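Asker: I am sharing upload_14.cif, which consists of mmCIF, C-alpha atoms and all ligand atoms:
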data_data
#
loop_
_atom_site.group_PDB
_atom_site.id
_atom_site.type_symbol
_atom_site.label_atom_id
_atom_site.label_comp_id
_atom_site.auth_asym_id
_atom_site.auth_seq_id
_atom_site.Cartn_x
_atom_site.Cartn_y
_atom_site.Cartn_z
ATOM 1 C CA MET J 1 40.802 -90.496 -27.397
ATOM 2 C CA SER J 2 44.524 -90.295 -27.824
ATOM 3 C CA MET J 3 46.554 -88.717 -25.080
ATOM 4 C CA LYS J 4 49.951 -87.118 -25.028
ATOM 5 C CA ILE J 5 52.350 -86.840 -22.102
ATOM 6 C CA THR J 6 55.220 -84.368 -22.271
ATOM 7 C CA PHE J 7 57.911 -84.672 -19.626
ATOM 8 C CA LEU J 8 58.606 -81.097 -18.549
ATOM 9 C CA GLY J 9 61.103 -82.214 -15.929
ATOM 10 C CA THR J 10 62.360 -85.577 -14.657
ATOM 11 C CA GLY J 11 64.706 -84.559 -11.837
ATOM 12 C CA THR J 12 64.503 -84.948 -8.090
ATOM 13 C CA SER J 13 63.928 -82.020 -5.724
ATOM 14 C CA GLN J 14 67.316 -80.378 -6.310
ATOM 15 C CA GLY J 15 67.402 -81.092 -10.048
ATOM 16 C CA VAL J 16 70.370 -82.469 -12.015
ATOM 17 C CA PRO J 17 72.964 -81.021 -12.027
ATOM 18 C CA MET J 18 72.690 -80.127 -8.371
ATOM 19 C CA ILE J 19 74.118 -76.757 -7.307
ATOM 20 C CA ALA J 20 77.821 -76.930 -6.366
ATOM 21 C CA SER J 21 78.118 -80.641 -7.211
ATOM 22 C CA ASN J 22 81.173 -82.086 -8.898
ATOM 23 C CA ASP J 23 79.603 -85.505 -9.269
ATOM 24 C CA PRO J 24 80.387 -86.891 -12.777
ATOM 25 C CA VAL J 25 76.644 -87.153 -13.574
ATOM 26 C CA CYS J 26 76.210 -83.480 -12.651
ATOM 27 C CA LEU J 27 79.091 -82.633 -15.003
ATOM 28 C CA SER J 28 77.796 -84.862 -17.841
ATOM 29 C CA LYS J 29 77.549 -83.375 -21.343
ATOM 30 C CA ASP J 30 74.649 -85.673 -22.250
ATOM 31 C CA PRO J 31 71.515 -83.471 -22.332
ATOM 32 C CA LYS J 32 69.558 -86.444 -20.933
ATOM 33 C CA ASP J 33 71.521 -86.024 -17.705
ATOM 34 C CA ASN J 34 70.095 -82.497 -17.276
ATOM 35 C CA ARG J 35 66.887 -82.804 -15.343
ATOM 36 C CA LEU J 36 64.582 -79.999 -14.259
ATOM 37 C CA ARG J 37 62.204 -80.623 -11.389
ATOM 38 C CA SER J 38 59.534 -83.264 -12.090
ATOM 39 C CA SER J 39 56.364 -82.253 -13.888
ATOM 40 C CA VAL J 40 54.384 -83.381 -16.927
ATOM 41 C CA LEU J 41 51.991 -81.874 -19.402
ATOM 42 C CA VAL J 42 48.961 -84.050 -20.155
ATOM 43 C CA SER J 43 47.088 -83.217 -23.361
ATOM 44 C CA TRP J 44 44.173 -84.603 -25.331
ATOM 45 C CA ASP J 45 41.730 -83.099 -27.834
ATOM 46 C CA ASN J 46 42.217 -79.348 -27.308
ATOM 47 C CA PHE J 47 42.905 -79.651 -23.580
ATOM 48 C CA THR J 48 46.174 -79.268 -21.713
ATOM 49 C CA TYR J 49 46.785 -79.738 -17.990
ATOM 50 C CA VAL J 50 49.997 -79.606 -16.003
ATOM 51 C CA ILE J 51 50.793 -81.901 -13.107
ATOM 52 C CA ASP J 52 52.708 -79.920 -10.481
ATOM 53 C CA CYS J 53 54.205 -76.486 -10.800
ATOM 54 C CA GLY J 54 57.735 -76.587 -9.428
ATOM 55 C CA PRO J 55 60.539 -74.025 -9.391
ATOM 56 C CA ASP J 56 61.339 -74.703 -13.084
ATOM 57 C CA PHE J 57 57.756 -74.146 -14.303
ATOM 58 C CA ARG J 58 58.546 -70.902 -16.122
ATOM 59 C CA GLN J 59 61.462 -72.416 -18.057
ATOM 60 C CA GLN J 60 59.417 -75.506 -18.847
ATOM 61 C CA MET J 61 56.493 -73.530 -20.259
ATOM 62 C CA LEU J 62 58.878 -71.420 -22.353
ATOM 63 C CA ARG J 63 60.818 -74.445 -23.616
ATOM 64 C CA GLU J 64 57.665 -76.300 -24.696
ATOM 65 C CA LYS J 65 56.023 -73.079 -25.942
ATOM 66 C CA VAL J 66 52.844 -73.762 -23.987
ATOM 67 C CA GLN J 67 50.427 -71.043 -25.097
ATOM 68 C CA HIS J 68 47.505 -72.165 -23.011
ATOM 69 C CA ILE J 69 46.696 -74.479 -20.110
ATOM 70 C CA ASP J 70 43.315 -75.555 -18.782
ATOM 71 C CA GLY J 71 44.451 -76.179 -15.227
ATOM 72 C CA VAL J 72 46.982 -77.633 -12.800
ATOM 73 C CA LEU J 73 46.837 -80.840 -10.786
ATOM 74 C CA PHE J 74 49.014 -80.949 -7.696
ATOM 75 C CA THR J 75 50.427 -84.075 -6.100
ATOM 76 C CA HIS J 76 51.611 -82.537 -2.813
ATOM 77 C CA GLU J 77 52.980 -79.386 -1.248
ATOM 78 C CA HIS J 78 56.747 -79.940 -1.396
ATOM 79 C CA ALA J 79 58.584 -77.021 -2.979
ATOM 80 C CA ASP J 80 59.841 -79.044 -5.947
ATOM 81 C CA HIS J 81 56.150 -79.511 -6.912
ATOM 82 C CA THR J 82 54.709 -76.095 -5.998
ATOM 83 C CA ALA J 83 57.378 -73.362 -5.939
ATOM 84 C CA GLY J 84 56.435 -72.092 -9.418
ATOM 85 C CA PHE J 85 52.893 -71.224 -8.309
ATOM 86 C CA ASP J 86 53.331 -67.477 -8.860
ATOM 87 C CA ASP J 87 54.320 -68.120 -12.489
ATOM 88 C CA LEU J 88 50.736 -69.200 -13.237
ATOM 89 C CA ARG J 89 50.157 -65.460 -13.745
ATOM 90 C CA PRO J 90 50.115 -65.367 -17.575
ATOM 91 C CA TYR J 91 47.632 -68.251 -17.693
ATOM 92 C CA SER J 92 45.578 -66.624 -14.966
ATOM 93 C CA TYR J 93 45.321 -63.419 -17.032
ATOM 94 C CA GLN J 94 44.104 -65.514 -20.002
ATOM 95 C CA LEU J 95 41.595 -67.593 -18.077
ATOM 96 C CA GLY J 96 40.470 -65.171 -15.367
ATOM 97 C CA GLU J 97 41.351 -67.868 -12.874
ATOM 98 C CA VAL J 98 43.370 -71.043 -13.253
ATOM 99 C CA PRO J 99 41.523 -74.155 -12.058
ATOM 100 C CA ILE J 100 43.713 -76.107 -9.650
ATOM 101 C CA TYR J 101 43.023 -79.640 -8.375
ATOM 102 C CA LEU J 102 44.594 -80.773 -5.135
ATOM 103 C CA ASN J 103 44.055 -82.344 -1.748
ATOM 104 C CA GLU J 104 43.018 -80.208 1.193
ATOM 105 C CA ARG J 105 46.398 -80.312 2.918
ATOM 106 C CA THR J 106 48.206 -79.098 -0.216
ATOM 107 C CA LEU J 107 45.760 -76.194 -0.550
ATOM 108 C CA GLU J 108 46.279 -75.219 3.090
ATOM 109 C CA SER J 109 50.031 -75.197 2.514
ATOM 110 C CA LEU J 110 49.711 -73.021 -0.627
ATOM 111 C CA LYS J 111 47.507 -70.597 1.330
ATOM 112 C CA ILE J 112 50.247 -70.130 3.908
ATOM 113 C CA ARG J 113 53.139 -69.847 1.468
ATOM 114 C CA PHE J 114 51.320 -67.764 -1.170
ATOM 115 C CA SER J 115 48.925 -65.917 1.136
ATOM 116 C CA TYR J 116 48.773 -62.892 -1.215
ATOM 117 C CA VAL J 117 47.198 -65.099 -3.910
ATOM 118 C CA PHE J 118 44.370 -66.085 -1.588
ATOM 119 C CA ASN J 119 43.863 -62.719 0.139
ATOM 120 C CA GLU J 120 40.465 -61.728 -1.301
ATOM 121 C CA LYS J 121 40.139 -58.498 0.708
ATOM 122 C CA ASN J 122 43.372 -56.851 -0.227
ATOM 123 C CA ARG J 123 44.461 -58.439 -3.495
ATOM 124 C CA TYR J 124 47.606 -57.288 -5.204
ATOM 125 C CA PRO J 125 46.410 -56.681 -8.775
ATOM 126 C CA GLY J 126 49.218 -58.704 -10.421
ATOM 127 C CA ALA J 127 48.784 -61.800 -8.280
ATOM 128 C CA PRO J 128 47.604 -64.956 -10.037
ATOM 129 C CA LYS J 129 43.983 -65.979 -9.521
ATOM 130 C CA VAL J 130 43.133 -69.619 -9.019
ATOM 131 C CA ALA J 131 39.944 -71.613 -8.510
ATOM 132 C CA ALA J 132 40.648 -74.442 -6.081
ATOM 133 C CA ASN J 133 38.981 -77.829 -6.501
ATOM 134 C CA ILE J 134 39.571 -80.147 -3.553
ATOM 135 C CA ILE J 135 39.829 -83.777 -4.597
ATOM 136 C CA ARG J 136 37.574 -85.915 -2.442
ATOM 137 C CA GLN J 137 35.873 -88.170 -4.981
ATOM 138 C CA ASN J 138 36.962 -91.560 -6.317
ATOM 139 C CA SER J 139 37.033 -89.970 -9.742
ATOM 140 C CA PHE J 140 36.368 -86.594 -11.336
ATOM 141 C CA PHE J 141 36.191 -85.100 -14.799
ATOM 142 C CA LEU J 142 38.561 -82.714 -16.514
ATOM 143 C CA ASN J 143 36.421 -81.620 -19.444
ATOM 144 C CA ASN J 144 35.564 -84.908 -21.196
ATOM 145 C CA LEU J 145 38.204 -87.043 -19.457
ATOM 146 C CA GLU J 146 37.691 -89.086 -16.304
ATOM 147 C CA VAL J 147 40.558 -88.873 -13.828
ATOM 148 C CA VAL J 148 41.112 -91.337 -10.996
ATOM 149 C CA PRO J 149 43.136 -89.993 -8.066
ATOM 150 C CA VAL J 150 45.435 -92.558 -6.473
ATOM 151 C CA GLU J 151 46.715 -91.958 -2.959
ATOM 152 C CA VAL J 152 50.277 -93.133 -2.408
ATOM 153 C CA MET J 153 52.600 -92.748 0.577
ATOM 154 C CA HIS J 154 55.724 -90.555 0.440
ATOM 155 C CA GLY J 155 57.137 -91.886 3.710
ATOM 156 C CA ASN J 156 54.383 -90.781 6.127
ATOM 157 C CA LEU J 157 52.911 -88.171 3.795
ATOM 158 C CA PRO J 158 49.925 -89.058 1.590
ATOM 159 C CA VAL J 159 50.447 -87.837 -1.983
ATOM 160 C CA THR J 160 47.751 -87.608 -4.665
ATOM 161 C CA CYS J 161 48.709 -89.225 -7.962
ATOM 162 C CA TYR J 162 46.556 -89.542 -11.058
ATOM 163 C CA ARG J 163 45.316 -92.092 -13.582
ATOM 164 C CA PHE J 164 43.976 -90.938 -16.969
ATOM 165 C CA GLN J 165 42.507 -93.807 -18.965
ATOM 166 C CA ASN J 166 45.401 -96.285 -19.305
ATOM 167 C CA ILE J 167 48.126 -93.920 -18.135
ATOM 168 C CA ALA J 168 49.141 -93.327 -14.526
ATOM 169 C CA TYR J 169 51.521 -90.671 -13.218
ATOM 170 C CA LEU J 170 52.956 -91.496 -9.811
ATOM 171 C CA THR J 171 55.606 -89.376 -8.191
ATOM 172 C CA ASP J 172 57.153 -89.166 -4.734
ATOM 173 C CA VAL J 173 55.969 -92.680 -3.917
ATOM 174 C CA LYS J 174 57.530 -95.024 -1.433
ATOM 175 C CA THR J 175 54.596 -97.346 -0.706
ATOM 176 C CA ILE J 176 51.076 -97.987 -2.050
ATOM 177 C CA ASN J 177 48.409 -99.958 -0.226
ATOM 178 C CA ASP J 178 46.511 -102.781 -1.947
ATOM 179 C CA PHE J 179 43.293 -100.776 -2.286
ATOM 180 C CA GLU J 180 45.094 -98.036 -4.229
ATOM 181 C CA LYS J 181 47.141 -100.571 -6.220
ATOM 182 C CA ASP J 182 43.884 -101.996 -7.576
ATOM 183 C CA LYS J 183 43.390 -98.675 -9.376
ATOM 184 C CA LEU J 184 46.638 -99.267 -11.253
ATOM 185 C CA LYS J 185 45.768 -102.506 -13.037
ATOM 186 C CA GLY J 186 45.691 -102.820 -16.816
ATOM 187 C CA LEU J 187 47.869 -99.787 -17.570
ATOM 188 C CA LYS J 188 49.463 -99.130 -20.928
ATOM 189 C CA VAL J 189 51.851 -96.607 -19.419
ATOM 190 C CA LEU J 190 53.015 -96.271 -15.839
ATOM 191 C CA VAL J 191 55.153 -93.273 -14.923
ATOM 192 C CA VAL J 192 56.768 -93.667 -11.509
ATOM 193 C CA ASN J 193 59.618 -92.203 -9.487
ATOM 194 C CA ALA J 194 62.950 -94.056 -9.234
ATOM 195 C CA LEU J 195 65.255 -91.848 -7.219
ATOM 196 C CA ARG J 196 68.617 -93.571 -7.054
ATOM 197 C CA ILE J 197 70.356 -96.906 -6.499
ATOM 198 C CA GLU J 198 70.518 -96.725 -2.713
ATOM 199 C CA GLU J 199 67.416 -97.035 -0.579
ATOM 200 C CA HIS J 200 65.676 -93.840 0.530
ATOM 201 C CA PRO J 201 63.103 -93.340 3.318
ATOM 202 C CA THR J 202 60.468 -91.562 1.185
ATOM 203 C CA HIS J 203 61.127 -92.531 -2.458
ATOM 204 C CA LEU J 204 61.332 -95.784 -4.383
ATOM 205 C CA ASN J 205 64.863 -96.645 -5.391
ATOM 206 C CA LEU J 206 65.608 -98.260 -8.759
ATOM 207 C CA GLN J 207 65.085 -101.848 -7.617
ATOM 208 C CA GLN J 208 61.841 -101.027 -5.789
ATOM 209 C CA ALA J 209 60.527 -99.191 -8.850
ATOM 210 C CA LEU J 210 61.377 -102.223 -11.026
ATOM 211 C CA ASP J 211 59.594 -104.486 -8.537
ATOM 212 C CA LEU J 212 56.506 -102.266 -8.689
ATOM 213 C CA VAL J 213 56.549 -102.414 -12.495
ATOM 214 C CA GLU J 214 56.708 -106.183 -12.340
ATOM 215 C CA GLU J 215 53.821 -106.299 -9.885
ATOM 216 C CA LEU J 216 51.525 -103.869 -11.715
ATOM 217 C CA ALA J 217 52.576 -105.183 -15.148
ATOM 218 C CA PRO J 218 51.902 -102.111 -17.326
ATOM 219 C CA GLU J 219 52.786 -102.461 -21.015
ATOM 220 C CA ARG J 220 55.504 -99.836 -20.567
ATOM 221 C CA ALA J 221 56.985 -97.907 -17.668
ATOM 222 C CA TYR J 222 58.890 -94.616 -17.519
ATOM 223 C CA PHE J 223 60.951 -93.602 -14.497
ATOM 224 C CA THR J 224 61.117 -90.012 -13.284
ATOM 225 C CA HIS J 225 62.083 -87.851 -10.232
ATOM 226 C CA ILE J 226 65.656 -88.993 -10.781
ATOM 227 C CA SER J 227 68.714 -87.974 -8.744
ATOM 228 C CA HIS J 228 72.271 -87.794 -10.041
ATOM 229 C CA LYS J 229 72.861 -90.729 -7.706
ATOM 230 C CA LEU J 230 70.993 -93.005 -10.113
ATOM 231 C CA GLY J 231 73.934 -92.730 -12.531
ATOM 232 C CA PHE J 232 74.317 -91.682 -16.171
ATOM 233 C CA HIS J 233 71.118 -91.896 -18.215
ATOM 234 C CA GLU J 234 72.658 -94.023 -20.935
ATOM 235 C CA ALA J 235 74.408 -96.469 -18.617
ATOM 236 C CA VAL J 236 71.293 -97.033 -16.481
ATOM 237 C CA GLN J 237 68.978 -97.350 -19.500
ATOM 238 C CA LYS J 238 71.145 -100.149 -20.994
ATOM 239 C CA ASN J 239 70.432 -102.446 -18.069
ATOM 240 C CA LEU J 240 66.667 -101.933 -17.842
ATOM 241 C CA PRO J 241 64.076 -104.453 -19.052
ATOM 242 C CA LYS J 242 62.830 -103.903 -22.625
ATOM 243 C CA ASN J 243 59.591 -102.195 -21.573
ATOM 244 C CA VAL J 244 61.141 -99.872 -18.960
ATOM 245 C CA PHE J 245 62.621 -96.488 -19.839
ATOM 246 C CA LEU J 246 64.232 -93.641 -17.992
ATOM 247 C CA ALA J 247 62.244 -90.551 -18.889
ATOM 248 C CA PHE J 248 64.180 -87.430 -19.842
ATOM 249 C CA ASP J 249 63.251 -83.767 -20.126
ATOM 250 C CA GLY J 250 61.359 -83.072 -23.342
ATOM 251 C CA LEU J 251 60.329 -86.718 -23.920
ATOM 252 C CA LYS J 252 56.847 -86.979 -25.442
ATOM 253 C CA ILE J 253 54.744 -90.111 -25.530
ATOM 254 C CA GLU J 254 51.437 -90.582 -27.273
ATOM 255 C CA ILE J 255 48.892 -93.261 -26.530
HETATM 256 ZN ZN ZN H 1 59.451 -84.366 -5.211
HETATM 257 ZN ZN ZN H 2 57.962 -84.701 -2.119
#
Using structure tokens, write down the structure from this file.
Answerer:
Amino acid sequence: MSMKITFLGTGTSQGVPMIASNDPVCLSKDPKDNRLRSSVLVSWDNFTYVIDCGPDFRQQMLREKVQHIDGVLFTHEHADHTAGFDDLRPYSYQLGEVPIYLNERTLESLKIRFSYVFNEKNRYPGAPKVAANIIRQNSFFLNNLEVVPVEVMHGNLPVTCYRFQNIAYLTDVKTINDFEKDKLKGLKVLVVNALRIEEHPTHLNLQQALDLVEELAPERAYFTHISHKLGFHEAVQKNLPKNVFLAFDGLKIEI
């Protein structure tokens, strides 16, 4: 089956431009230097899922005119991946409840921060309804598609990333153990975070992301979760290997 990935956002936690920044990249007029918080839409057949639901979720759904989703997969609990949770409301009204897929720790965090969503006894009528599916298996199905969760390390925090057929979406990665790396062989498309030029304690920098691409040898790679400290889109793209691309908001790829 052919699959489509739509980049809803490709920015790091604060987005690009960053509030109150006078950095030249933040002031750039190139639309590719405007990056909402990282998230993608994954679609195949008649199905559409979102990975992560950050603070820009509402804008992203409006921009891409997403009329319907079948569920949300979460990578981890950080605000740039979860703060748009309440904006699942319209989809929750359509579906009755929105299926969400996540690790146990991420669910526990959502229950604390969005307690009114999970309060069964005294529900506010407008609150979104979700059906939580904890990921414990080595693989699971979304409708007719097998999904392989891949656990990566975001500094000391385990983050759940996902492989769909020959596509993998990895974000907020710093390190991956060999067992998990084995799940990332033979990819057509690898999406992975490349934060900036300088090293960072919890994210791959540009060189480390390039090294990972070389090691995993996907046909093509797209970098995401980008900070203004990576530089201008166009200037960075020029120096990348032929099969490596900086993703940008609105980019669609079909495989
Ligand atoms: Zn993040
Ligand atoms: Zn994070």
Asker: Just say which residues the PyMOL selection byres (((chain J and resi 226) around 9) and not hetatm) picks in this file, as a PDB file with C-alpha atoms, in the coordinates of the input.
Answerer:
ATOM      1  CA  THR J  10      62.360 -85.577 -14.657  1.00  0.00           C
ATOM      2  CA  GLY J  11      64.706 -84.559 -11.837  1.00  0.00           C
ATOM      3  CA  THR J  12      64.503 -84.948  -8.090  1.00  0.00           C
ATOM      4  CA  SER J  13      63.928 -82.020  -5.724  1.00  0.00           C
ATOM      5  CA  GLY J  15      67.402 -81.092 -10.048  1.00  0.00           C
ATOM      6  CA  VAL J  16      70.370 -82.469 -12.015  1.00  0.00           C
ATOM      7  CA  ARG J  35      66.887 -82.804 -15.343  1.00  0.00           C
ATOM      8  CA  SER J  38      59.534 -83.264 -12.090  1.00  0.00           C
ATOM      9  CA  ASN J 193      59.618 -92.203  -9.487  1.00  0.00           C
ATOM     10  CA  ALA J 194      62.950 -94.056  -9.234  1.00  0.00           C
ATOM     11  CA  LEU J 195      65.255 -91.848  -7.219  1.00  0.00           C
ATOM     12  CA  ARG J 196      68.617 -93.571  -7.054  1.00  0.00           C
ATOM     13  CA  PHE J 223      60.951 -93.602 -14.497  1.00  0.00           C
ATOM     14  CA  THR J 224      61.117 -90.012 -13.284  1.00  0.00           C
ATOM     15  CA  HIS J 225      62.083 -87.851 -10.232  1.00  0.00           C
ATOM     16  CA  SER J 227      68.714 -87.974  -8.744  1.00  0.00           C
ATOM     17  CA  HIS J 228      72.271 -87.794 -10.041  1.00  0.00           C
ATOM     18  CA  LYS J 229      72.861 -90.729  -7.706  1.00  0.00           C
ATOM     19  CA  LEU J 230      70.993 -93.005 -10.113  1.00  0.00           C
ATOM     20  CA  LEU J 246      64.232 -93.641 -17.992  1.00  0.00           C
ATOM     21  CA  ALA J 247      62.244 -90.551 -18.889  1.00  0.00           C
TER      22      ALA J 247
END
Asker: Since I can't run it myself right now, could you work out what the PyMOL selection byres (((not hetatm)) within 9 of (chain H and resi 2)) selects here and report it as a list in words?
Answerer: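 After applying the PyMOL selection byres (((not hetatm)) within 9 of (chain H and resi 2)), what remains is Thr12, Ser13, Thr75, His76, Glu77, His78, Ala79, Asp80, His81, His154, Leu157, Val159, Thr171, Asp172, Val173, Thr202 and His203 of chain J.
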Asker: Check the smallest atom-to-atom distance from each of J:His68, J:Lys181, J:Lys129, J:Lys174 to ligand ZN 1 (chain H) using all atoms listed in the file, then report the winner.
Answerer: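 Looking only at the distances to ligand ZN 1 (chain H), the closest residue turns out to be J:Lys174.
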Asker: Under the rule that all atoms listed in the file are counted, which of J:Arg163, J:Arg37, J:Arg89, J:Lys242 is the nearest residue to Val130 (chain J)?
Answerer: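 Looking only at the distances to Val130 (chain J), the closest residue turns out to be J:Arg89.
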Asker: Here is a test: counting all atoms listed in the file, which residue of J:Val192, J:Leu88, J:Thr175, J:Lys238 is nearest to Leu206 (chain J)?
Answerer: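 Residue with the minimum atom-to-atom distance to Leu206 (chain J): J:Val192.
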Asker: Just the number, please: distance in Å from CA of Phe7 (chain J) to CA of Phe179 (chain J), one decimal.
Answerer: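 Computed distance, CA of Phe7 (chain J) to CA of Phe179 (chain J), equals 27.8 Å.
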Asker: Go through J:Ala83, J:Leu107, J:Leu210, J:Ile167 one by one, measure the shortest atom-to-atom distance of each to ligand ZN 1 (chain H) using all atoms listed in the file, and give the residue with the smallest value.
Answerer: J:Ala83
Asker: Return the single residue from J:Met1, J:Leu170, J:Leu27, J:Ile69 that is closest to ligand ZN 1 (chain H), with distances computed using all atoms listed in the file.
Answerer: J:Leu170
Asker: If we count only C-alpha atoms, what is near Leu73 (chain J) at a cut-off of 8 Å, once residues fewer than 6 positions away on the same chain are taken out, given as an mmCIF file with C-alpha atoms, keeping the file's coordinate frame?
Answerer:
data_model
loop_
_atom_site.group_PDB
_atom_site.id
_atom_site.type_symbol
_atom_site.label_atom_id
_atom_site.label_comp_id
_atom_site.auth_asym_id
_atom_site.auth_seq_id
_atom_site.Cartn_x
_atom_site.Cartn_y
_atom_site.Cartn_z
ATOM 1 C CA TYR J 49 46.785 -79.738 -17.990
ATOM 2 C CA VAL J 50 49.997 -79.606 -16.003
ATOM 3 C CA ILE J 51 50.793 -81.901 -13.107
ATOM 4 C CA ASP J 52 52.708 -79.920 -10.481
ATOM 5 C CA ILE J 100 43.713 -76.107 -9.650
ATOM 6 C CA TYR J 101 43.023 -79.640 -8.375
ATOM 7 C CA LEU J 102 44.594 -80.773 -5.135
#
Asker: Let me make sure I understand: among J:Ser39, J:Asn122, J:Asn156, J:Asn177, which one has the smallest atom-to-atom distance to Pro201 (chain J) if we use all atoms listed in the file?
Answerer: J:Asn156
Asker: Taking the file as shown, find all residues satisfying the PyMOL selection byres (((chain J and resi 66) around 12) and not hetatm) and write them as an MDAnalysis selection string.
Answerer: chainID J and resid 6 8 41:43 47:50 57:65 67:70 88 90:91
Asker: Suppose you want the space between CA of Phe164 (chain J) and CA of Val40 (chain J); what is it in Å?
Answerer: 12.9 Å
Asker: Please measure the separation of CA of Lys188 (chain J) and CA of Tyr222 (chain J), giving the value in Å to one decimal.
Answerer: 11.0 Å
Asker: Taking 4 positions as the minimum chain separation for residues in the same chain, which residues sit within 10 Å of Glu219 (chain J) when counting all atoms listed in the file? Answer as a compact mmCIF listing (two decimals) with C-alpha atoms, in the frame of the given file.
Answerer:
# COMPACT_ATOMS: atom_id res chain seq x y z
CA ASN J 166 45.40 -96.28 -19.30
CA GLY J 186 45.69 -102.82 -16.82
CA LEU J 187 47.87 -99.79 -17.57
CA LYS J 188 49.46 -99.13 -20.93
CA VAL J 189 51.85 -96.61 -19.42
CA LEU J 190 53.02 -96.27 -15.84
CA VAL J 213 56.55 -102.41 -12.50
CA ASN J 243 59.59 -102.20 -21.57
CA VAL J 244 61.14 -99.87 -18.96
Asker: Once 3 Å is added on each side, what centre and edge lengths in Å to one decimal does the axis-aligned box around all listed atoms of region 63-79 of chain J have, as lines of an AutoDock Vina configuration file?
Answerer:
center_x = 52.1
center_y = -77.6
center_z = -13.6
size_x = 23.5
size_y = 19.0
size_z = 30.7
Asker: Please return region 168-184 of chain J, rebuilt to N, CA and C atoms, as a PDB file, in the frame of the given file.
Answerer:
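Below you can see part30.pdb, which holds the result:
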ATOM      1  N   ALA J 168      49.104 -93.824 -15.907  1.00  0.00           N
ATOM      2  CA  ALA J 168      49.141 -93.327 -14.526  1.00  0.00           C
ATOM      3  C   ALA J 168      50.442 -92.581 -14.300  1.00  0.00           C
ATOM      4  N   TYR J 169      50.343 -91.476 -13.568  1.00  0.00           N
ATOM      5  CA  TYR J 169      51.521 -90.671 -13.218  1.00  0.00           C
ATOM      6  C   TYR J 169      51.666 -90.704 -11.698  1.00  0.00           C
ATOM      7  N   LEU J 170      52.703 -91.395 -11.244  1.00  0.00           N
ATOM      8  CA  LEU J 170      52.956 -91.496  -9.811  1.00  0.00           C
ATOM      9  C   LEU J 170      54.301 -90.857  -9.520  1.00  0.00           C
ATOM     10  N   THR J 171      54.311 -89.919  -8.594  1.00  0.00           N
ATOM     11  CA  THR J 171      55.606 -89.376  -8.191  1.00  0.00           C
ATOM     12  C   THR J 171      55.675 -89.270  -6.673  1.00  0.00           C
ATOM     13  N   ASP J 172      56.907 -89.264  -6.174  1.00  0.00           N
ATOM     14  CA  ASP J 172      57.153 -89.166  -4.734  1.00  0.00           C
ATOM     15  C   ASP J 172      56.453 -90.291  -3.969  1.00  0.00           C
ATOM     16  N   VAL J 173      56.555 -91.476  -4.524  1.00  0.00           N
ATOM     17  CA  VAL J 173      55.969 -92.680  -3.917  1.00  0.00           C
ATOM     18  C   VAL J 173      57.042 -93.482  -3.227  1.00  0.00           C
ATOM     19  N   LYS J 174      56.702 -93.989  -2.052  1.00  0.00           N
ATOM     20  CA  LYS J 174      57.530 -95.024  -1.433  1.00  0.00           C
ATOM     21  C   LYS J 174      56.708 -96.306  -1.296  1.00  0.00           C
ATOM     22  N   THR J 175      55.446 -96.155  -0.848  1.00  0.00           N
ATOM     23  CA  THR J 175      54.596 -97.346  -0.706  1.00  0.00           C
ATOM     24  C   THR J 175      53.180 -97.041  -1.204  1.00  0.00           C
ATOM     25  N   ILE J 176      52.474 -98.098  -1.590  1.00  0.00           N
ATOM     26  CA  ILE J 176      51.076 -97.987  -2.050  1.00  0.00           C
ATOM     27  C   ILE J 176      50.311 -99.142  -1.421  1.00  0.00           C
ATOM     28  N   ASN J 177      49.170 -98.850  -0.817  1.00  0.00           N
ATOM     29  CA  ASN J 177      48.409 -99.958  -0.226  1.00  0.00           C
ATOM     30  C   ASN J 177      47.639-100.721  -1.317  1.00  0.00           C
ATOM     31  N   ASP J 178      47.130-101.897  -0.948  1.00  0.00           N
ATOM     32  CA  ASP J 178      46.511-102.781  -1.947  1.00  0.00           C
ATOM     33  C   ASP J 178      45.266-102.158  -2.577  1.00  0.00           C
ATOM     34  N   PHE J 179      44.504-101.412  -1.770  1.00  0.00           N
ATOM     35  CA  PHE J 179      43.293-100.776  -2.286  1.00  0.00           C
ATOM     36  C   PHE J 179      43.638 -99.800  -3.416  1.00  0.00           C
ATOM     37  N   GLU J 180      44.681 -99.012  -3.203  1.00  0.00           N
ATOM     38  CA  GLU J 180      45.094 -98.036  -4.229  1.00  0.00           C
ATOM     39  C   GLU J 180      45.755 -98.745  -5.413  1.00  0.00           C
ATOM     40  N   LYS J 181      46.492 -99.808  -5.136  1.00  0.00           N
ATOM     41  CA  LYS J 181      47.141-100.571  -6.220  1.00  0.00           C
ATOM     42  C   LYS J 181      46.117-101.132  -7.207  1.00  0.00           C
ATOM     43  N   ASP J 182      44.942-101.478  -6.694  1.00  0.00           N
ATOM     44  CA  ASP J 182      43.884-101.996  -7.576  1.00  0.00           C
ATOM     45  C   ASP J 182      43.512-100.994  -8.661  1.00  0.00           C
ATOM     46  N   LYS J 183      43.712 -99.718  -8.385  1.00  0.00           N
ATOM     47  CA  LYS J 183      43.390 -98.675  -9.376  1.00  0.00           C
ATOM     48  C   LYS J 183      44.447 -98.604 -10.480  1.00  0.00           C
ATOM     49  N   LEU J 184      45.509 -99.364 -10.321  1.00  0.00           N
ATOM     50  CA  LEU J 184      46.638 -99.267 -11.253  1.00  0.00           C
ATOM     51  C   LEU J 184      46.810-100.540 -12.085  1.00  0.00           C
TER      52      LEU J 184
END
